[in-house]
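J.: I have a structure I would like to understand better, so I am pasting it below and will then ask my questions one at a time.
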Amino acid sequence: MKKSVITLLLVGYFGLFFFLLLGLGYSSSRTKLAPEQPIAFSHKIHAGKLKLACTECHTSVEKSPRAGVPPVEKCMSCHKTVAVEKPEVQKIHRYWEDREPIPWSRVYSVRVRNYVYFSHKRHIKKGVDCSACHGDVKNMERIRKVSSLNMGWCVSCHRQKQAPTDCLICHK
Amino acid sequence: MKRRDFLKLMGLASSSTVLSACGVDKKAEKLIPYLVPPEDDTIPGVPVYYNTTCTECPANCGISVKVREELPVKLEGLSGHPINDGSLCIRGQASLTRLYHPDRIRSPLRRNTQGQFKPISWSDAYDQMMQTLGQGGQHLYLAGRTTGTLSELIDGFCDERNIERLPEFESYSYAAIKEANRLLFNQSVIPHYRIEDADFMLTLGADILETFVSPVSHATQLARAKKLGQFLWYHAEPHVSLTGLQATERLVIQPGSETHLLRFLLRYLLEHVDYARRLPDAVARAIPNVSGEEVSAQTGIPSEELNQLARQFAEAEKPLLIAGGISTGHTSGLEVAALAGLIQWMMRMTDIVVDFSRAENDANVGTMLDMGELSQRLQEGNVGVLFISRANPMPNVPASYGFKENLRKARLRVGLSDFLDDTMQACDIVLPLSHTLESWGDTQSRKGLRTVIQPALEPIFDTRTEGDILLQLMQRRTGNTGVQTFREYLFTRWREKYGEDSIESLLHKGYFEDSPSGEFVRLSGTAAAELLTTASDPVDFGKPLLIAIPSLRTFDGRSRVLPLLSEIPDPLTTISYGDWVSVSEQDLRSNQWQDLDEIELTIPGGSIRLPVKTQPGLPGGISTIHWDMLKPLMLQVDPRTGESICYMDGVQMVSRGVSVPIPYLSGSSSQEGRGIIPDMERGDEDHDRGGPGMYPEHEHTDYRWAMVIDLESCIGCSACVAACYIENNVAVVGPEEHLKGREMSWIRMEPYYEEDGSAEFLPMMCQHCYNAPCEPVCPVYATYHNPEGLNAQVYNRCVGTRYCANNCPYKVRRFNWFKHERPGPSDEIQMANPDVSIRGKGIMEKCTFCIQRIRAARDTAKDESRKIQDGEVVPACAQSCPTQAITFGNIEDKRSRVYQLAHSFRAYRVFEHLGMEPGVYYLGKSEARSQKSEVDRGHQEDSN
């Protein structure tokens, strides 16, 4: 009897954490993997339907470690006249008129950057396609994180492609 | 413990870990784009460089500012610049921390009736100033040394508002040299010393490598002169200075006896040198005939050395004599400077090496006598508005002038500064000045050279430049609404001078240099003769004597606000934080003191309590103190020239029986026979490489990074240390941690003194050993030998066992005992190099050979589909070094400079017998060997 109570308690205890973890994972997949954006910008329309090249907006991806987010001016260069009646586009106009940059939510955490050097330029120049890490952006209404960015994920690809795997290639 | 209990405990531990993980930072991470992209094609993540000018001291070296994401992250010397040619000193490096200093004045301040400063708006501040300016009284404008367009604008402002512009204030005014040059050559300036064009140099007291006029210029030139071939350098000083220790021959001279030495030299050269200019008869007659023995007794320099000095001086083709610093800081300072000037003229130095056509632009700089006069005028009570800009006279003016008390008598005191220093504390209105990196401007520190000041970022706080403030005040009076900024004013002036087309190249290059005028100075014979005949008797100081010397780290005290400069130890004593008096070993013994005993130091003017520290090599009876550690009560001035007196005799030093804990970082001032710098002449270097290792050999494919440090060139100036701190986000931890031996510097300057008082300096950092003892003891493989020969430290892996630091014989690994705060102006703005991570608590760190710079070079090389070339990777320490003592490169490449130097005769490695095969090579100091190695190197270069 005493034994079964202890077992039950233990199972309950660990079970609680199991469900807690599950719940945590579920909620983070909703909020963290595809965070809500201040403007419901659709990559599906821009990259998919309109077939704009990634570099059209992410201009520094071939020149810099960072891909770059387009300045508000860039959005306005088209949306001054295009689709101005849509409420989401009007949001851009409001940011532009208020001279405020758009506070996009990050999809891929900046925390990795504190420890690791990553260069978009090097990967693009080696012919790695954007979709290899960012997924099928062309069909994403809202951008969702598709790669874990943990070290195992980086290294597995580096091994596959016979890219260097020395720690100091990435760790800074 | 039973197995099951263990499991239970483990379960508890694991679940609590999960619980604690729930509290991870939920702060939304934002990605903020530009509204409009920057005009200058800035690419996020790619650094931009601006060429501008350092204003930490009046030398005004050219700097290149590295900007990442609109924030400056590093200052580097501007390559090819006529003053510093790519190098930067410790203070210049640290001046970046001034920009981010949390204590900078953030808005205009007004003192209220309770005597406290309260922020006010700019227009209120202007209104109050305008009001008092409109009232009676004589308005005065006192500034620190000002050159270039700003000086013209101040003149314009003062003319318009009927303000008298006072002689500029500098604590180091070089008044004696300027006065001597005025009398002899009718030019009240400091000439430019062309050390690189000389083959022999005698320096008297001048700390040419520390603070004297333009130290980085001197150091770079010295390195070039040494490389050109035979270069003999004598330095005479009564104490021990960093500069003196670098000389080929250091002569210990009786304090104040420089006049005797110069008279002897003048007489000797007059008789022995063929090409010497004929002195006018009246001058020649006025030179006293002195014998070698007499002078030897007076100066304390042995006869043989005296004769050798005179002979080598006479034999030199292009000799150079520099007298200054403490050799002119006494009441015969004018004679010393004048005799030196006379020798300079007679030996035709003034034609080349003592260059008046490129003289320092310091004719407007006044002396301490001018401050006495100002104090007098203030006392008379007729001063309306007194502007004090970029100057802190309060702690540097003798208390006997009553400047502090009389300052209160001005109707309104307006201060312009970036910090609330002593003088600003005494002002009514304080206007915050922008940092140089936030400003437009130019300087002309040297004749014929204009250097550009251009902003690298928008002002962080509500600050303005002095030029803008003056223009706005002028516009307020005229009511002119068309606001002209100082930038527009500056560009108009530049256009007038250089034409529209040159502006862009001026901004790009960062400076503009005229061709020299080619005018030579003429000696005024009558003045020289009069000077010699009326010369006062040389001073004879009694002992004990206290000598106030300039500080490498704080200059005249102006750089004291920068914590980084206290974190980096003084290279002579290795004291980091706190004030002290350096005493001789003899005095320490005879008084039965111990290091850091507190001493009550009394001189006729006042007293001060400070700990003592032995300075090896210091003669008995002489103590030294850094200038900025003195109190105004103790200061005195030579009434003839206005030069501050550096010597204080009649010193009483009484132990107070307590010890003051100030940190000094070296355990011993000597090598203790460990052969860290082997005596190569005696051939006691140990080239035993140890036995075969028990680990498999490392393979190096393309690169194996290595460093060579030339101890012959190293001057111990610690510029490398400052550069490393800033480049690598090394934490500044403060005095308490230093006392526990927890300093974080990745590179340190180790001074090693010999019995005879000579010293050598050795920069020590991670040696990147082939058989690194730190690697096998790491339980988590956080440190390992990477394929490029680096001893890698992976911070994410490190668990902080500190076994590696224990096992390192060089003691170069640093442990983060805490998360070190990085105080900055705000949460958003922090000074950090984004290419280097900021290490957290519990992590071991050390020199990485600037892996981020290797990475950047590799990136460029890959873009161009090639290998990294020799000289492409320059670590921060090597970049900043004024004498280019540090060479870095790929030792696998037999044509690389680093390979050749590492295989030269002088090369050795520290603790070679331990068999660790470090990747850092040192080139030992040895004249005989060095000459041979130069030949050796020459052959190798030829064969390539």
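The chains in the structure tokens are called A, B, ... from first to last as shown; in each chain the residues are counted from 1, and the ligands are counted from 1 in the order shown.
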Any chance you could tabulate, as a tab-separated table, the residues of chain A at most 6 Å from chain B with each one's nearest atom pair and distance in Å to one decimal, using only C-alpha atoms, in chain and rising number order?

T.:
```
residue	atom	partner	partner_atom	distance
A:Ser64	CA	B:Gly45	CA	5.9
A:Pro65	CA	B:Gly45	CA	5.9
A:Arg66	CA	B:Gly45	CA	5.6
A:Val69	CA	B:Pro33	CA	5.6
A:Pro71	CA	B:Tyr34	CA	4.5
A:Val72	CA	B:Leu35	CA	4.7
A:Glu73	CA	B:Val36	CA	5.3
A:Pro101	CA	B:Leu35	CA	5.0
A:Pro103	CA	B:Ile32	CA	5.2
A:Trp104	CA	B:Leu31	CA	5.0
A:Ser105	CA	B:Lys30	CA	4.6
A:Arg106	CA	B:Lys30	CA	5.3
A:Asn114	CA	B:Ser837	CA	5.5
A:Tyr115	CA	B:Ser837	CA	5.6
A:Lys172	CA	B:Val836	CA	5.8
```

J.: For region 569-578 of chain B, please output as a ChimeraX atom specification all residues within 6 Å (counting only C-alpha atoms; exclusion window: fewer than 4 positions along the same chain).

T.: /B:662-665,735

J.: For N, CA and C atoms, I'd like the residues from the last selection saved as a PDB file, in the first residue's frame.

T.:
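Everything below was put into out30.pdb:
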```
ATOM      1  N   ILE B 662      46.449  49.587  -1.608  1.00  0.00           N
ATOM      2  CA  ILE B 662      46.211  49.905  -3.012  1.00  0.00           C
ATOM      3  C   ILE B 662      46.796  48.767  -3.845  1.00  0.00           C
ATOM      4  N   PRO B 663      46.128  48.406  -4.923  1.00  0.00           N
ATOM      5  CA  PRO B 663      46.574  47.222  -5.656  1.00  0.00           C
ATOM      6  C   PRO B 663      47.781  47.466  -6.535  1.00  0.00           C
ATOM      7  N   TYR B 664      48.816  46.660  -6.408  1.00  0.00           N
ATOM      8  CA  TYR B 664      49.851  46.597  -7.436  1.00  0.00           C
ATOM      9  C   TYR B 664      49.917  45.156  -7.923  1.00  0.00           C
ATOM     10  N   LEU B 665      50.039  45.016  -9.222  1.00  0.00           N
ATOM     11  CA  LEU B 665      49.694  43.737  -9.819  1.00  0.00           C
ATOM     12  C   LEU B 665      50.858  42.791 -10.022  1.00  0.00           C
ATOM     13  N   PRO B 735      38.912  48.607  -7.923  1.00  0.00           N
ATOM     14  CA  PRO B 735      40.022  48.350  -6.994  1.00  0.00           C
ATOM     15  C   PRO B 735      39.814  47.155  -6.071  1.00  0.00           C
TER      16      PRO B 735
END
```

J.: I want to know what sits within 8 Å of region 311-314 of chain B, based on only C-alpha atoms, with residues of the same chain fewer than 4 positions away left out; could you give that as a ChimeraX atom specification?

T.: /B:200,269,272-273,307,319

J.: Please identify all polymer residues within 7 Å of region 373-381 of chain B, counting only C-alpha atoms, omitting same-chain residues fewer than 6 positions from it, and present them as a ChimeraX atom specification.

T.: /B:401-403,406-407,409-410

J.: What does the structure give for the distance between CA of Phe818 (chain B) and CA of Thr97 (chain B), in Å to one decimal?

T.: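 A separation of 21.3 Å between them.
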
J.: From the options B:Asp428, B:Gly467, B:Arg182, B:Ser171, which residue's atoms come nearest to Gln114 (chain B), counting only C-alpha atoms?

T.: B:Asp428

J.: Would you please extract all alpha helix (DSSP H) residues from region 384-587 of chain B, as assigned by DSSP on the backbone, and give them as a PyMOL selection string?

T.: chain B and resi 403-407+422-425+466-478+486-498+502-509+525-533+563-567+585-587

J.: Looking at only C-alpha atoms, which of A:Trp96, A:Ser4, A:Ser60, A:Asp166 is the one that sits closest to Ser77 (chain A)?

T.: A:Trp96

J.: Give me the residues near Val354 (chain B) as a count of residues only, where near means some atom within 7 Å (using only C-alpha atoms) and where sequence neighbours in that chain fewer than 6 positions away do not count.

T.: 4

J.: Give me the residues near Asp442 (chain B) as a ChimeraX atom specification, where near means some atom within 6 Å (using only C-alpha atoms) and where sequence neighbours in that chain fewer than 3 positions away do not count.

T.: /B:148,451-453

J.: Which residue out of A:Lys74, A:Lys80, A:His93, A:Arg113 has the minimum interatomic distance to His171 (chain A) when only C-alpha atoms are used?

T.: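 Among the listed residues, A:Arg113 lies closest to His171 (chain A).
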
J.: Rank B:Thr526, B:Asn890, B:Ser502, B:Thr203 by their smallest atom-to-atom distance to Leu251 (chain B), using only C-alpha atoms, and report the top residue only.

T.: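 Residue with the minimum atom-to-atom distance to Leu251 (chain B): B:Thr203.
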
J.: If you run DSSP on the backbone, which residues of region 43-145 of chain B are strand (DSSP E), as a ChimeraX atom specification?

T.: /B:48-53,62-68,71-77,109-111,117-119,138-143

J.: Those selected residues, please, written with C-alpha atoms and delivered as a PDB file, in the first residue's frame.

T.:
```
ATOM      1  CA  VAL B  48      32.164  52.106 -41.315  1.00  0.00           C
ATOM      2  CA  TYR B  49      35.298  54.117 -40.615  1.00  0.00           C
ATOM      3  CA  TYR B  50      35.501  57.879 -40.145  1.00  0.00           C
ATOM      4  CA  ASN B  51      38.762  59.757 -40.040  1.00  0.00           C
ATOM      5  CA  THR B  52      38.905  62.349 -37.352  1.00  0.00           C
ATOM      6  CA  THR B  53      41.162  63.753 -34.630  1.00  0.00           C
ATOM      7  CA  GLY B  62      44.736  61.387 -36.301  1.00  0.00           C
ATOM      8  CA  ILE B  63      42.264  58.615 -35.566  1.00  0.00           C
ATOM      9  CA  SER B  64      40.068  56.325 -37.546  1.00  0.00           C
ATOM     10  CA  VAL B  65      36.800  55.587 -35.762  1.00  0.00           C
ATOM     11  CA  LYS B  66      35.216  52.211 -36.335  1.00  0.00           C
ATOM     12  CA  VAL B  67      31.444  52.561 -36.256  1.00  0.00           C
ATOM     13  CA  ARG B  68      29.033  49.650 -36.045  1.00  0.00           C
ATOM     14  CA  LEU B  71      27.899  53.585 -32.479  1.00  0.00           C
ATOM     15  CA  PRO B  72      31.681  53.970 -32.348  1.00  0.00           C
ATOM     16  CA  VAL B  73      33.280  50.767 -31.095  1.00  0.00           C
ATOM     17  CA  LYS B  74      37.021  51.370 -31.434  1.00  0.00           C
ATOM     18  CA  LEU B  75      39.529  54.110 -32.130  1.00  0.00           C
ATOM     19  CA  GLU B  76      42.625  53.384 -34.135  1.00  0.00           C
ATOM     20  CA  GLY B  77      45.522  55.561 -35.183  1.00  0.00           C
ATOM     21  CA  LEU B 109      23.097  73.244 -15.682  1.00  0.00           C
ATOM     22  CA  ARG B 110      22.447  76.279 -13.540  1.00  0.00           C
ATOM     23  CA  ARG B 111      23.450  76.620  -9.928  1.00  0.00           C
ATOM     24  CA  PHE B 117      23.132  72.330 -10.084  1.00  0.00           C
ATOM     25  CA  LYS B 118      19.736  72.033 -11.743  1.00  0.00           C
ATOM     26  CA  PRO B 119      19.156  71.302 -15.423  1.00  0.00           C
ATOM     27  CA  GLN B 138      35.171  93.222 -18.310  1.00  0.00           C
ATOM     28  CA  HIS B 139      34.141  89.907 -19.808  1.00  0.00           C
ATOM     29  CA  LEU B 140      36.845  87.294 -20.175  1.00  0.00           C
ATOM     30  CA  TYR B 141      37.238  84.088 -22.187  1.00  0.00           C
ATOM     31  CA  LEU B 142      39.595  81.410 -20.870  1.00  0.00           C
ATOM     32  CA  ALA B 143      40.016  78.231 -22.866  1.00  0.00           C
TER      33      ALA B 143
END
```

J.: Which one is closest to Gly324 (chain B): B:Ala175, B:Met394, B:Ala276, B:Leu78? Count only C-alpha atoms.

T.: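 Using only C-alpha atoms, the shortest distance to Gly324 (chain B) belongs to B:Ala175.
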
J.: For His120 (chain A), which of A:Pro38, A:Gly48, A:Gly68, A:Gly12 is the closest residue, counting only C-alpha atoms?

T.: A:Gly68

J.: Within 10 Å of Arg802 (chain B), counting only C-alpha atoms, which residues show up once you throw out same-chain ones fewer than 2 positions away? Write them as a PyMOL selection string, please.

T.: chain B and resi 774+777-778+798-800+804-807+813-815+842-844
